[in-house]
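File shown: target_34.csv (CSV, C-alpha atoms and all ligand atoms).
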```csv
chain,number,residue,atom,x,y,z
A,1088,MET,CA,14.9,-3.9,14.3
A,1089,GLY,CA,13.6,-7.4,14.7
A,1090,THR,CA,14.8,-7.3,18.3
A,1091,HIS,CA,12.2,-4.6,19.2
A,1092,ASP,CA,8.6,-5.3,19.9
A,1093,LEU,CA,6.6,-3.3,17.4
A,1094,ASP,CA,3.0,-2.8,18.2
A,1095,ALA,CA,0.5,-4.3,15.6
A,1096,ALA,CA,-0.9,-0.8,15.1
A,1097,VAL,CA,2.5,0.4,13.8
A,1098,GLU,CA,2.7,-2.5,11.3
A,1099,ARG,CA,-0.9,-1.8,10.2
A,1100,VAL,CA,-0.3,1.9,9.8
A,1101,ALA,CA,2.9,1.2,7.9
A,1102,GLU,CA,1.1,-1.2,5.6
A,1103,ASP,CA,-1.7,1.2,4.9
A,1104,ILE,CA,0.7,4.0,4.0
A,1105,ALA,CA,2.7,1.7,1.7
A,1106,ALA,CA,-0.4,0.4,0.0
A,1107,MET,CA,-1.8,4.0,-0.3
A,1108,GLU,CA,-4.9,3.1,1.8
A,1109,THR,CA,-3.7,6.1,3.8
A,1110,ARG,CA,-2.4,8.7,1.4
A,1111,GLY,CA,-1.8,12.3,0.9
A,1112,ALA,CA,1.0,14.1,2.9
A,1113,ALA,CA,-1.2,15.4,5.8
A,1114,ALA,CA,-3.0,12.1,6.3
A,1115,ILE,CA,0.3,10.2,6.3
A,1116,ALA,CA,1.7,12.5,9.0
A,1117,ASP,CA,-1.4,12.2,11.1
A,1118,ALA,CA,-1.3,8.4,10.9
A,1119,ALA,CA,2.4,8.2,11.7
A,1120,ALA,CA,1.9,10.3,14.9
A,1121,ASP,CA,-1.0,8.0,15.8
A,1122,ALA,CA,1.1,4.9,15.3
A,1123,LEU,CA,3.9,6.3,17.6
A,1124,GLN,CA,1.3,7.1,20.2
A,1125,GLN,CA,-0.1,3.5,20.1
A,1126,GLN,CA,3.4,2.1,20.3
A,1127,ALA,CA,4.1,4.3,23.4
A,1128,THR,CA,0.7,3.3,25.0
A,1129,GLN,CA,1.1,-0.4,24.4
A,1130,SER,CA,4.8,-0.7,25.1
A,1131,ASP,CA,5.8,-3.1,27.9
A,1132,ALA,CA,9.4,-2.0,27.9
A,1133,ASP,CA,10.9,-2.3,31.3
A,1134,THR,CA,13.7,0.3,31.0
A,1135,PRO,CA,13.7,3.8,29.6
A,1136,GLU,CA,16.4,2.8,27.1
A,1137,ALA,CA,14.3,-0.1,25.9
A,1138,PHE,CA,11.3,2.2,25.5
A,1139,ARG,CA,13.3,4.7,23.5
A,1140,ALA,CA,14.8,2.0,21.3
A,1141,GLU,CA,11.3,0.6,20.6
A,1142,LEU,CA,9.9,4.0,19.6
A,1143,ARG,CA,12.9,4.7,17.3
A,1144,ALA,CA,12.4,1.3,15.7
A,1145,ALA,CA,8.7,2.1,15.2
A,1146,ALA,CA,9.6,5.4,13.5
A,1147,ARG,CA,12.1,3.6,11.2
A,1148,GLN,CA,9.4,1.2,10.2
A,1149,LEU,CA,7.1,4.0,9.3
A,1150,LEU,CA,9.8,5.9,7.5
A,1151,GLU,CA,10.4,2.9,5.1
A,1152,THR,CA,6.8,3.2,3.7
A,1153,ARG,CA,7.0,6.0,1.2
A,1154,PRO,CA,10.0,8.3,0.6
A,1155,THR,CA,8.6,11.6,-0.8
A,1156,ALA,CA,6.1,13.2,1.6
A,1157,VAL,CA,8.4,15.0,4.1
A,1158,SER,CA,5.4,15.4,6.4
A,1159,LEU,CA,6.2,11.8,7.5
A,1160,PRO,CA,9.8,12.4,8.9
A,1161,ASN,CA,8.6,15.8,10.2
A,1162,ALA,CA,5.8,14.1,12.2
A,1163,LEU,CA,8.1,11.5,13.6
A,1164,ARG,CA,10.7,14.1,14.5
A,1165,TYR,CA,8.1,16.2,16.3
A,1166,VAL,CA,6.9,13.3,18.4
A,1167,LEU,CA,10.3,11.8,19.1
A,1168,GLN,CA,11.7,15.1,20.1
A,1169,ARG,CA,9.1,15.2,22.9
A,1170,MET,CA,10.0,11.7,24.1
A,1171,ASP,CA,11.7,12.9,27.3
A,1172,GLY,CA,12.0,11.6,30.8
A,1173,ASP,CA,13.9,9.3,33.2
A,1174,SER,CA,11.3,6.6,33.7
A,1175,VAL,CA,9.2,4.5,31.3
A,1176,GLU,CA,6.0,6.2,32.6
A,1177,THR,CA,7.3,9.7,32.0
A,1178,LEU,CA,8.5,8.8,28.6
A,1179,ARG,CA,5.2,7.2,27.8
A,1180,ARG,CA,3.3,10.3,29.0
A,1181,ASN,CA,5.4,12.7,27.1
A,1182,THR,CA,5.4,10.8,23.9
A,1183,VAL,CA,1.6,10.4,24.0
A,1184,ALA,CA,1.2,14.1,24.8
A,1185,GLY,CA,3.6,14.9,21.9
A,1186,ALA,CA,1.5,12.9,19.4
A,1187,ASP,CA,-1.7,14.5,20.6
A,1188,GLU,CA,-0.2,17.9,20.3
A,1189,PHE,CA,1.2,17.2,16.9
A,1190,ARG,CA,-2.2,16.0,15.6
A,1191,ALA,CA,-4.0,19.0,17.1
A,1192,ARG,CA,-1.5,21.4,15.5
A,1193,LEU,CA,-1.9,19.6,12.1
A,1194,ASP,CA,-5.7,20.2,12.3
A,1195,ARG,CA,-5.3,23.8,13.4
A,1196,ALA,CA,-2.7,24.5,10.7
A,1197,GLN,CA,-5.0,23.2,8.0
A,1198,THR,CA,-7.9,25.3,9.2
A,1199,ASP,CA,-5.7,28.4,9.4
A,1200,LEU,CA,-4.3,27.6,5.9
A,1201,GLY,CA,-7.8,27.3,4.6
A,1202,ARG,CA,-8.5,30.8,5.7
A,1203,VAL,CA,-5.4,32.2,4.0
A,1204,GLY,CA,-6.1,30.4,0.8
A,1205,ALA,CA,-9.8,31.3,0.7
A,1206,ASN,CA,-8.8,35.0,0.5
A,1207,ARG,CA,-7.4,34.3,-2.9
A,1208,LEU,CA,-10.7,32.9,-4.2
A,1209,ARG,CA,-13.4,35.3,-5.4
A,1210,ASP,CA,-17.1,34.6,-5.8
A,1211,GLY,CA,-17.6,32.9,-9.2
A,1212,ASP,CA,-14.0,31.6,-9.6
A,1213,ARG,CA,-13.1,28.4,-11.3
A,1214,ILE,CA,-10.1,26.5,-10.1
A,1215,MET,CA,-8.2,23.6,-11.7
A,1216,THR,CA,-6.9,20.9,-9.4
A,1217,HIS,CA,-4.5,18.0,-9.7
A,1218,CYS,CA,-4.5,14.9,-7.4
A,1219,HIS,CA,-6.2,15.0,-4.0
A,1220,SER,CA,-5.0,17.5,-1.5
A,1221,THR,CA,-6.7,18.1,1.9
A,1222,ASP,CA,-4.9,21.4,2.1
A,1223,VAL,CA,-6.4,22.5,-1.2
A,1224,LEU,CA,-9.8,21.4,0.0
A,1225,ALA,CA,-9.5,23.4,3.2
A,1226,CYS,CA,-9.2,26.6,1.1
A,1227,VAL,CA,-12.2,25.7,-0.9
A,1228,GLU,CA,-14.2,24.7,2.2
A,1229,THR,CA,-13.5,28.1,3.8
A,1230,ALA,CA,-14.4,30.0,0.7
A,1231,ARG,CA,-17.7,28.1,0.5
A,1232,GLU,CA,-18.4,28.9,4.1
A,1233,GLN,CA,-17.9,32.5,3.2
A,1234,GLY,CA,-20.7,32.1,0.6
A,1235,LYS,CA,-18.5,32.1,-2.5
A,1236,GLU,CA,-19.8,30.2,-5.5
A,1237,LEU,CA,-17.0,28.1,-7.0
A,1238,SER,CA,-16.5,25.7,-9.8
A,1239,ALA,CA,-13.7,23.3,-10.5
A,1240,ILE,CA,-12.0,21.5,-13.4
A,1241,VAL,CA,-10.6,18.4,-11.8
A,1242,LYS,CA,-7.8,16.4,-13.5
A,1243,GLU,CA,-8.3,12.7,-13.0
A,1244,THR,CA,-4.6,12.2,-12.1
A,1245,ARG,CA,-3.5,8.9,-13.6
A,1246,PRO,CA,-2.5,6.3,-12.7
A,1247,ARG,CA,-4.3,6.2,-9.4
A,1248,ASN,CA,-7.2,8.6,-10.2
A,1249,GLN,CA,-7.1,10.6,-7.0
A,1250,GLY,CA,-9.0,13.3,-9.0
A,1251,ARG,CA,-12.1,11.3,-8.4
A,1252,LEU,CA,-11.7,11.6,-4.7
A,1253,THR,CA,-11.3,15.4,-5.1
A,1254,ALA,CA,-14.3,15.5,-7.4
A,1255,GLU,CA,-16.4,13.7,-4.7
A,1256,ARG,CA,-15.3,16.0,-1.9
A,1257,LEU,CA,-15.8,19.1,-4.0
A,1258,VAL,CA,-19.4,18.0,-4.8
A,1259,GLU,CA,-20.0,17.6,-1.1
A,1260,LEU,CA,-18.8,21.2,-0.6
A,1261,GLY,CA,-21.3,22.4,-3.2
A,1262,VAL,CA,-18.8,23.1,-6.0
A,1263,ASP,CA,-19.7,22.5,-9.7
A,1264,VAL,CA,-17.2,19.9,-10.9
A,1265,THR,CA,-16.0,19.1,-14.4
A,1266,LEU,CA,-13.7,16.0,-14.5
A,1267,ILE,CA,-11.2,15.8,-17.3
A,1268,VAL,CA,-8.4,13.5,-18.4
A,1269,ASP,CA,-4.9,14.7,-17.6
A,1270,SER,CA,-4.0,15.4,-21.2
A,1271,ALA,CA,-7.0,17.8,-21.5
A,1272,ALA,CA,-5.6,20.3,-18.9
A,1273,ARG,CA,-4.1,22.8,-21.3
A,1274,ARG,CA,-7.4,23.0,-23.3
A,1275,TYR,CA,-9.2,24.0,-20.2
A,1276,LEU,CA,-6.7,26.3,-18.6
A,1277,ASN,CA,-8.3,29.3,-20.4
A,1278,ASP,CA,-11.4,28.6,-18.3
A,1279,ALA,CA,-9.6,28.5,-15.0
A,1280,ASP,CA,-8.9,31.5,-12.7
A,1281,HIS,CA,-6.4,29.6,-10.6
A,1282,VAL,CA,-4.5,26.3,-10.6
A,1283,LEU,CA,-4.7,25.1,-7.0
A,1284,VAL,CA,-2.5,22.2,-5.9
A,1285,GLY,CA,-1.1,20.7,-2.8
A,1286,ALA,CA,2.5,19.5,-2.0
A,1287,ASP,CA,4.3,16.6,-0.6
A,1288,ALA,CA,7.5,18.5,0.0
A,1289,ILE,CA,8.8,22.0,-0.5
A,1290,ALA,CA,12.5,22.6,-0.9
A,1291,ALA,CA,14.5,25.5,0.4
A,1292,ASP,CA,14.7,27.1,-3.0
A,1293,GLY,CA,10.9,27.1,-3.3
A,1294,SER,CA,10.6,24.1,-5.6
A,1295,VAL,CA,7.4,22.2,-5.1
A,1296,VAL,CA,7.3,18.4,-5.1
A,1297,ASN,CA,3.8,17.1,-5.8
A,1298,LYS,CA,1.9,14.4,-7.7
A,1299,ILE,CA,3.5,13.6,-11.1
A,1300,GLY,CA,2.0,16.0,-13.7
A,1301,THR,CA,2.0,19.1,-11.5
A,1302,SER,CA,5.1,20.5,-13.1
A,1303,GLY,CA,3.7,20.2,-16.7
A,1304,LEU,CA,0.5,21.7,-15.5
A,1305,ALA,CA,2.3,24.6,-13.9
A,1306,VAL,CA,4.3,25.3,-17.1
A,1307,ASN,CA,1.1,25.3,-19.2
A,1308,ALA,CA,-0.6,27.5,-16.7
A,1309,ARG,CA,2.1,30.0,-16.8
A,1310,ASP,CA,2.0,30.0,-20.6
A,1311,ARG,CA,-1.8,30.7,-20.4
A,1312,GLY,CA,-1.4,33.3,-17.6
A,1313,THR,CA,-3.3,31.3,-15.0
A,1314,PRO,CA,-1.9,31.8,-11.5
A,1315,ILE,CA,-0.5,28.7,-9.8
A,1316,VAL,CA,-1.1,28.5,-6.1
A,1317,VAL,CA,0.3,25.8,-3.8
A,1318,ALA,CA,-1.6,25.0,-0.6
A,1319,ALA,CA,0.9,23.5,1.8
A,1320,GLN,CA,1.1,23.5,5.6
A,1321,THR,CA,4.6,24.2,6.9
A,1322,ILE,CA,4.9,20.5,7.7
A,1323,LYS,CA,5.6,20.1,4.0
A,1324,LEU,CA,8.8,22.1,4.3
A,1325,ASP,CA,11.8,19.8,3.9
A,1326,PRO,CA,14.5,21.0,6.3
A,1327,ASP,CA,17.0,18.5,4.7
A,1328,THR,CA,17.0,20.6,1.6
A,1329,MET,CA,18.5,23.6,3.4
A,1330,THR,CA,21.8,21.7,3.2
A,1331,GLY,CA,21.4,20.9,-0.5
A,1332,ASN,CA,19.8,17.4,-0.2
A,1333,LEU,CA,17.3,16.6,-2.9
A,1334,VAL,CA,13.9,15.2,-2.2
A,1335,GLU,CA,13.7,11.6,-3.2
A,1336,ILE,CA,11.0,10.9,-5.8
A,1337,GLU,CA,9.1,7.7,-5.3
A,1338,THR,CA,8.9,5.2,-8.1
A,1339,ARG,CA,5.9,2.9,-7.9
A,1340,ASP,CA,5.0,-0.4,-9.5
A,1341,GLU,CA,4.5,-0.5,-13.2
A,1342,SER,CA,1.3,-2.5,-12.8
A,1343,GLU,CA,-0.3,0.8,-11.8
A,1344,VAL,CA,0.3,2.1,-15.3
A,1345,ILE,CA,-0.6,-1.0,-17.3
A,1346,ASP,CA,-1.7,-4.5,-16.2
A,1347,PRO,CA,0.9,-7.2,-16.8
A,1348,GLU,CA,-1.2,-9.0,-19.4
A,1349,ALA,CA,-1.8,-5.9,-21.6
A,1350,ARG,CA,1.9,-5.1,-21.2
A,1351,ASP,CA,2.9,-8.6,-22.4
A,1352,ALA,CA,0.6,-8.2,-25.4
A,1353,ILE,CA,2.5,-5.1,-26.5
A,1354,GLY,CA,5.8,-6.8,-26.5
A,1355,ASP,CA,9.2,-5.8,-25.0
A,1356,ILE,CA,8.7,-2.4,-23.5
A,1357,ASP,CA,9.9,-0.5,-20.4
A,1358,VAL,CA,7.3,1.1,-18.2
A,1359,GLU,CA,8.1,3.9,-15.7
A,1360,ASN,CA,5.9,5.1,-12.9
A,1361,PRO,CA,7.4,8.0,-10.9
A,1362,ALA,CA,4.8,9.2,-8.4
A,1363,PHE,CA,5.9,12.8,-8.0
A,1364,ASP,CA,7.7,15.6,-9.9
A,1365,VAL,CA,9.4,18.9,-9.1
A,1366,THR,CA,8.0,22.2,-10.1
A,1367,PRO,CA,10.7,24.9,-10.2
A,1368,PRO,CA,9.9,28.0,-8.1
A,1369,ARG,CA,9.6,30.3,-11.2
A,1370,TYR,CA,6.4,28.6,-12.1
A,1371,VAL,CA,4.8,29.0,-8.7
A,1372,ASP,CA,2.9,32.3,-7.9
A,1373,ALA,CA,2.3,31.7,-4.2
A,1374,ILE,CA,2.7,29.1,-1.5
A,1375,VAL,CA,-0.2,29.3,0.9
A,1376,THR,CA,0.6,28.1,4.5
A,1377,GLU,CA,-1.0,28.4,7.9
A,1378,ARG,CA,1.5,31.3,8.5
A,1379,GLY,CA,0.4,33.3,5.5
A,1380,GLN,CA,1.2,33.2,1.8
A,1381,PHE,CA,4.8,33.4,0.5
A,1382,PRO,CA,6.5,33.8,-2.9
A,1383,PRO,CA,8.4,30.5,-3.3
A,1384,GLU,CA,11.8,32.3,-3.2
A,1385,SER,CA,11.1,33.5,0.3
A,1386,ILE,CA,10.2,30.1,1.8
A,1387,VAL,CA,13.8,29.5,2.9
A,1388,THR,CA,13.4,32.3,5.5
A,1389,LEU,CA,10.4,30.6,7.0
A,1390,MET,CA,12.3,27.3,7.0
A,1391,ARG,CA,15.2,28.7,8.9
A,1392,GLU,CA,12.8,30.2,11.4
A,1393,LEU,CA,10.9,26.9,11.9
A,1394,PHE,CA,13.8,24.4,11.8
A,1395,GLY,CA,16.9,26.5,12.7
A,1396,GLU,CA,20.0,25.7,10.8
A,1397,GLY,CA,20.4,22.1,12.0
A,1398,ILE,CA,18.0,19.1,12.2
A,1399,THR,CA,18.3,15.8,13.8
A,1400,ASP,CA,17.1,12.3,12.9
A,1401,PRO,CA,15.9,11.1,16.3
A,1402,TRP,CA,15.0,7.6,14.9
A,1403,VAL,CA,18.6,6.8,14.4
A,1404,GLU,CA,20.3,4.8,17.2
A,1405,PRO,CA,22.5,7.3,19.1
A,1406,ASP,CA,25.8,5.5,18.4
A,1407,ALA,CA,25.1,5.5,14.6
A,1408,ARG,CA,24.0,9.1,14.2
A,1409,ARG,CA,27.1,10.7,12.8
A,1410,GLU,CA,27.6,7.9,10.2
A,1411,THR,CA,24.0,8.1,9.1
A,1412,VAL,CA,24.2,11.8,8.3
A,1413,VAL,CA,27.0,11.1,5.9
A,1414,GLU,CA,25.1,8.1,4.4
A,1415,SER,CA,21.9,10.1,3.9
A,1416,GLY,CA,23.9,12.7,2.0
A,1417,GLU,CA,25.0,9.9,-0.4
A,1418,ASP,CA,21.4,8.5,-0.6
A,1419,ARG,CA,20.1,11.8,-1.8
A,1420,PRO,CA,22.7,13.3,-4.1
B,1,LIG,O1,0.4,14.5,-4.3
B,1,LIG,C1,-0.4,14.3,-3.4
B,1,LIG,C2,-0.8,12.9,-2.9
B,1,LIG,O2,-0.1,11.9,-3.5
B,1,LIG,P1,-0.4,10.4,-3.1
B,1,LIG,O3,-1.9,10.1,-3.5
B,1,LIG,O4,0.5,9.6,-4.0
B,1,LIG,O5,-0.2,10.2,-1.7
B,1,LIG,C3,-1.1,15.5,-2.7
B,1,LIG,O6,-1.2,16.5,-3.6
B,1,LIG,C4,-0.2,15.9,-1.5
B,1,LIG,O7,0.2,14.8,-0.7
B,1,LIG,C5,-0.9,16.9,-0.7
B,1,LIG,O8,-1.9,16.4,0.0
B,1,LIG,P2,-2.5,17.0,1.4
B,1,LIG,O9,-2.8,18.4,1.1
B,1,LIG,O10,-3.7,16.2,1.8
B,1,LIG,O11,-1.4,16.8,2.4
```
Just give me the structure as structure tokens.
Ligand SMILES: O=C(COP(=O)(O)O)[C@H](O)[C@H](O)COP(=O)(O)O
Amino acid sequence: MGTHDLDAAVERVAEDIAAMETRGAAAIADAAADALQQQATQSDADTPEAFRAELRAAARQLLETRPTAVSLPNALRYVLQRMDGDSVETLRRNTVAGADEFRARLDRAQTDLGRVGANRLRDGDRIMTHCHSTDVLACVETAREQGKELSAIVKETRPRNQGRLTAERLVELGVDVTLIVDSAARRYLNDADHVLVGADAIAADGSVVNKIGTSGLAVNARDRGTPIVVAAQTIKLDPDTMTGNLVEIETRDESEVIDPEARDAIGDIDVENPAFDVTPPRYVDAIVTERGQFPPESIVTLMRELFGEGITDPWVEPDARRETVVESGEDRP
């Protein structure tokens, strides 16, 4: 990859995603499409082949940042599949247009999803949230525009406390917010009408991959009889899972859980910091997308419609493609 000229914007976007300055599946997808667009705009490749190779290298750099949110490879796939043409200028134009189109679709999908999700919320309802999801917030925003009064119990979401971002945004939307520590969730589920969470990836069997703690919340919510609704644009559907691949769960640095000094003071302990978990479909009542809402078990039908039976990895160099398919199968057992 060192042989390709990567634009500074690509490096910057990749760093921001890895450091979680840019975070959340939808924002990551948007930033990745923007980075490819900048690479295409700035490229001084003098042959179509060099241009394509540069864009593929940029995509690989972006892919290395975080492994779980499938919106990232889906965004890269969308843009690279539109990188078409016989000259550098045509390739550039089509790639830039592809990125523009992708970002516009992302925006539109979130608005449409918001309308679908808002229909589930009634005036006076109280929701419980986990982490920070712009797809969830789109549902709340539309419901507020419809004049519905809402309140929210917001889990702080250790270790990164994304719940505080959610709390801030909900206050801006005129929602009454109660912030709780994660371990208090069960205690407050009786007061909630819905659990409303986002997703980083949805597998073909309807399993939902989202911020660590989502699956425990869903199990408790089911026990309490509180419906669990997942707000997730179709960009969160993971086509790789149609052939049995599992979604890779990111493990982050242990210093997010405990600072090194405090850790040393305790003695010899292991610290684990998985960023996401998998909620089995039986604990999910509905998946709200821009195409309507679905029981998790039927999501595979939508996946087939959107992705067909086969997908490609357009960031892989053409002569390495077949091999990589085999390797990625081993990577994700
Ligand atoms: O789990 C997270 C974010 O995790 P992190 O903070 O580790 O990126 C969010 O629930 C989903 O990404 C959905 O977000 P959105 O609906 O905005 O796509």
Item to check | Expected answer as a ChimeraX atom specification: residues within 7 Å of ligand LIG 1 (chain B), all atoms listed in the file | outcome: /A:1107,1110-1114,1156,1218-1223,1249,1284-1287,1297-1298,1318-1319,1362-1363
Item to check | A:Ile1299, A:Ile1315, A:Ala1106, A:Ala1288 ranked by distance to Pro1382 (chain A), top pick (using only C-alpha atoms) | outcome: A:Ile1315
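Atom pair CA of Asn1332 (chain A) / CA of Thr1216 (chain A): separated by 28.5 Å.
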Item to check | Contact residues around Asn1248 (chain A) with all atoms listed in the file at 10 Å, ignoring same-chain residues under 5 positions, as JSON, numbers by chain | outcome: {"A": [1217, 1218, 1219, 1242, 1243, 1253, 1268, 1269]}
Checklist entry - Could you work out how far CA of Ala1239 (chain A) lies from CA of Asp1263 (chain A), giving the answer in Å with one decimal? => result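 For CA of Asp1263 (chain A) relative to CA of Ala1239 (chain A), the distance reads 6.1 Å.
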Item to check | Nearest to His1281 (chain A), chosen from A:Ile1398, A:Ile1353, A:Leu1324, A:Ala1373, with only C-alpha atoms counted in the distances | outcome: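 Looking only at the distances to His1281 (chain A), the closest residue turns out to be A:Ala1373.
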Next on the checklist: So, with all atoms listed in the file as the atoms that count, which of A:Gly1204, A:Pro1246, A:Pro1326, A:Pro1401 lies closest to Ile1374 (chain A)?
Outcome noted: A:Gly1204
Checklist entry - So which residues touch Ser1158 (chain A) within 6 Å, counting only C-alpha atoms, skipping near sequence neighbours fewer than 2 positions away, as JSON, numbers by chain? => result {"A": [1112, 1116, 1156, 1160, 1161, 1162, 1322, 1323]}
Take the residues from that selection and write them out as a PDB file, keeping the file's coordinate frame, keeping C-alpha atoms.
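Final file, part-v9.pdb:
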```pdb
ATOM      1  CA  ALA A1112       1.000  14.100   2.900  1.00  0.00           C
ATOM      2  CA  ALA A1116       1.700  12.500   9.000  1.00  0.00           C
ATOM      3  CA  ALA A1156       6.100  13.200   1.600  1.00  0.00           C
ATOM      4  CA  PRO A1160       9.800  12.400   8.900  1.00  0.00           C
ATOM      5  CA  ASN A1161       8.600  15.800  10.200  1.00  0.00           C
ATOM      6  CA  ALA A1162       5.800  14.100  12.200  1.00  0.00           C
ATOM      7  CA  ILE A1322       4.900  20.500   7.700  1.00  0.00           C
ATOM      8  CA  LYS A1323       5.600  20.100   4.000  1.00  0.00           C
TER       9      LYS A1323
END
```
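Every polymer residue reaching to within 8 Å of (2.4, 4.6, -13.4), counting all atoms listed in the file, appears in this list: Arg1245, Pro1246, Arg1247, Arg1339, Asp1340, Glu1341, Ser1342, Glu1343, Val1344, Ile1345, Val1358, Glu1359, Asn1360, Pro1361 and Ala1362 of chain A.
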Write out, as a tab-separated table (two decimals), in the frame of the given file, the residues just selected, with C-alpha atoms.
```
chain	number	residue	atom	x	y	z
A	1245	ARG	CA	-3.50	8.90	-13.60
A	1246	PRO	CA	-2.50	6.30	-12.70
A	1247	ARG	CA	-4.30	6.20	-9.40
A	1339	ARG	CA	5.90	2.90	-7.90
A	1340	ASP	CA	5.00	-0.40	-9.50
A	1341	GLU	CA	4.50	-0.50	-13.20
A	1342	SER	CA	1.30	-2.50	-12.80
A	1343	GLU	CA	-0.30	0.80	-11.80
A	1344	VAL	CA	0.30	2.10	-15.30
A	1345	ILE	CA	-0.60	-1.00	-17.30
A	1358	VAL	CA	7.30	1.10	-18.20
A	1359	GLU	CA	8.10	3.90	-15.70
A	1360	ASN	CA	5.90	5.10	-12.90
A	1361	PRO	CA	7.40	8.00	-10.90
A	1362	ALA	CA	4.80	9.20	-8.40
```
Next on the checklist: Just the number, please: distance in Å from CA of Arg1256 (chain A) to CA of Phe1381 (chain A), one decimal.
Outcome noted: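 Answer for the CA of Arg1256 (chain A) to CA of Phe1381 (chain A) separation: 26.7 Å.
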Using only C-alpha atoms, give me every residue within 7 Å of (7.3, -1.8, 18.3) in file coordinates, as a compact mmCIF listing (two decimals) with C-alpha atoms, keeping the file's coordinate frame.
```txt
# COMPACT_ATOMS: atom_id res chain seq x y z
CA HIS A 1091 12.20 -4.60 19.20
CA ASP A 1092 8.60 -5.30 19.90
CA LEU A 1093 6.60 -3.30 17.40
CA ASP A 1094 3.00 -2.80 18.20
CA VAL A 1097 2.50 0.40 13.80
CA GLN A 1126 3.40 2.10 20.30
CA GLU A 1141 11.30 0.60 20.60
CA LEU A 1142 9.90 4.00 19.60
CA ALA A 1144 12.40 1.30 15.70
CA ALA A 1145 8.70 2.10 15.20
```
Long-range neighbours of Gln1233 (chain A) as a PDB file with C-alpha atoms, in the coordinates of the input, 10 Å cut-off, all atoms listed in the file, 6 positions minimum in chain:
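The result, stored in part-v8.pdb:
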```pdb
ATOM      1  CA  ARG A1202      -8.500  30.800   5.700  1.00  0.00           C
ATOM      2  CA  ALA A1205      -9.800  31.300   0.700  1.00  0.00           C
ATOM      3  CA  ASN A1206      -8.800  35.000   0.500  1.00  0.00           C
ATOM      4  CA  ASP A1210     -17.100  34.600  -5.800  1.00  0.00           C
ATOM      5  CA  VAL A1227     -12.200  25.700  -0.900  1.00  0.00           C
TER       6      VAL A1227
END
```
Next on the checklist: So, with all atoms listed in the file as the atoms that count, which of A:Leu1150, A:Leu1276, A:Val1282, A:Ala1407 lies closest to Asp1372 (chain A)?
Outcome noted: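 Checking each of A:Leu1150, A:Leu1276, A:Val1282, A:Ala1407 against Asp1372 (chain A), counting all atoms listed in the file, the winner is A:Val1282.
Using all atoms listed in the file for every distance, the candidate list A:Ala1120, A:Leu1224, A:Leu1260, A:Leu1237 yields A:Leu1237 as the residue closest to Leu1208 (chain A).
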Checklist entry - For Asp1310 (chain A), which residue among A:Arg1273, A:Arg1164, A:Arg1391, A:Arg1147 is the nearest when counting all atoms listed in the file? => result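 Of the candidates, the smallest distance to Asp1310 (chain A) is held by A:Arg1273.
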Checklist entry - Neighbours of Glu1392 (chain A) within 12 Å (all atoms listed in the file; same-chain residues fewer than 2 positions away dropped), as JSON, numbers by chain? => result {"A": [1321, 1324, 1326, 1329, 1378, 1385, 1386, 1387, 1388, 1389, 1390, 1394, 1395, 1396, 1397]}
Limited to C-alpha atoms, could you put the picked residues into a file as a PDB file, in the coordinates of the input?
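result17.pdb written:
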```
ATOM      1  CA  THR A1321       4.600  24.200   6.900  1.00  0.00           C
ATOM      2  CA  LEU A1324       8.800  22.100   4.300  1.00  0.00           C
ATOM      3  CA  PRO A1326      14.500  21.000   6.300  1.00  0.00           C
ATOM      4  CA  MET A1329      18.500  23.600   3.400  1.00  0.00           C
ATOM      5  CA  ARG A1378       1.500  31.300   8.500  1.00  0.00           C
ATOM      6  CA  SER A1385      11.100  33.500   0.300  1.00  0.00           C
ATOM      7  CA  ILE A1386      10.200  30.100   1.800  1.00  0.00           C
ATOM      8  CA  VAL A1387      13.800  29.500   2.900  1.00  0.00           C
ATOM      9  CA  THR A1388      13.400  32.300   5.500  1.00  0.00           C
ATOM     10  CA  LEU A1389      10.400  30.600   7.000  1.00  0.00           C
ATOM     11  CA  MET A1390      12.300  27.300   7.000  1.00  0.00           C
ATOM     12  CA  PHE A1394      13.800  24.400  11.800  1.00  0.00           C
ATOM     13  CA  GLY A1395      16.900  26.500  12.700  1.00  0.00           C
ATOM     14  CA  GLU A1396      20.000  25.700  10.800  1.00  0.00           C
ATOM     15  CA  GLY A1397      20.400  22.100  12.000  1.00  0.00           C
TER      16      GLY A1397
END
```
Next on the checklist: I want to know what sits within 10 Å of Glu1335 (chain A), based on all atoms listed in the file, with residues of the same chain fewer than 2 positions away left out; could you give that as a list in words?
Outcome noted: Arg1153, Pro1154, Thr1155, Ala1156, Val1157, Ala1288, Val1296, Asn1332, Leu1333, Glu1337, Thr1338, Phe1363, Asp1364, Asp1418, Arg1419 and Pro1420 of chain A
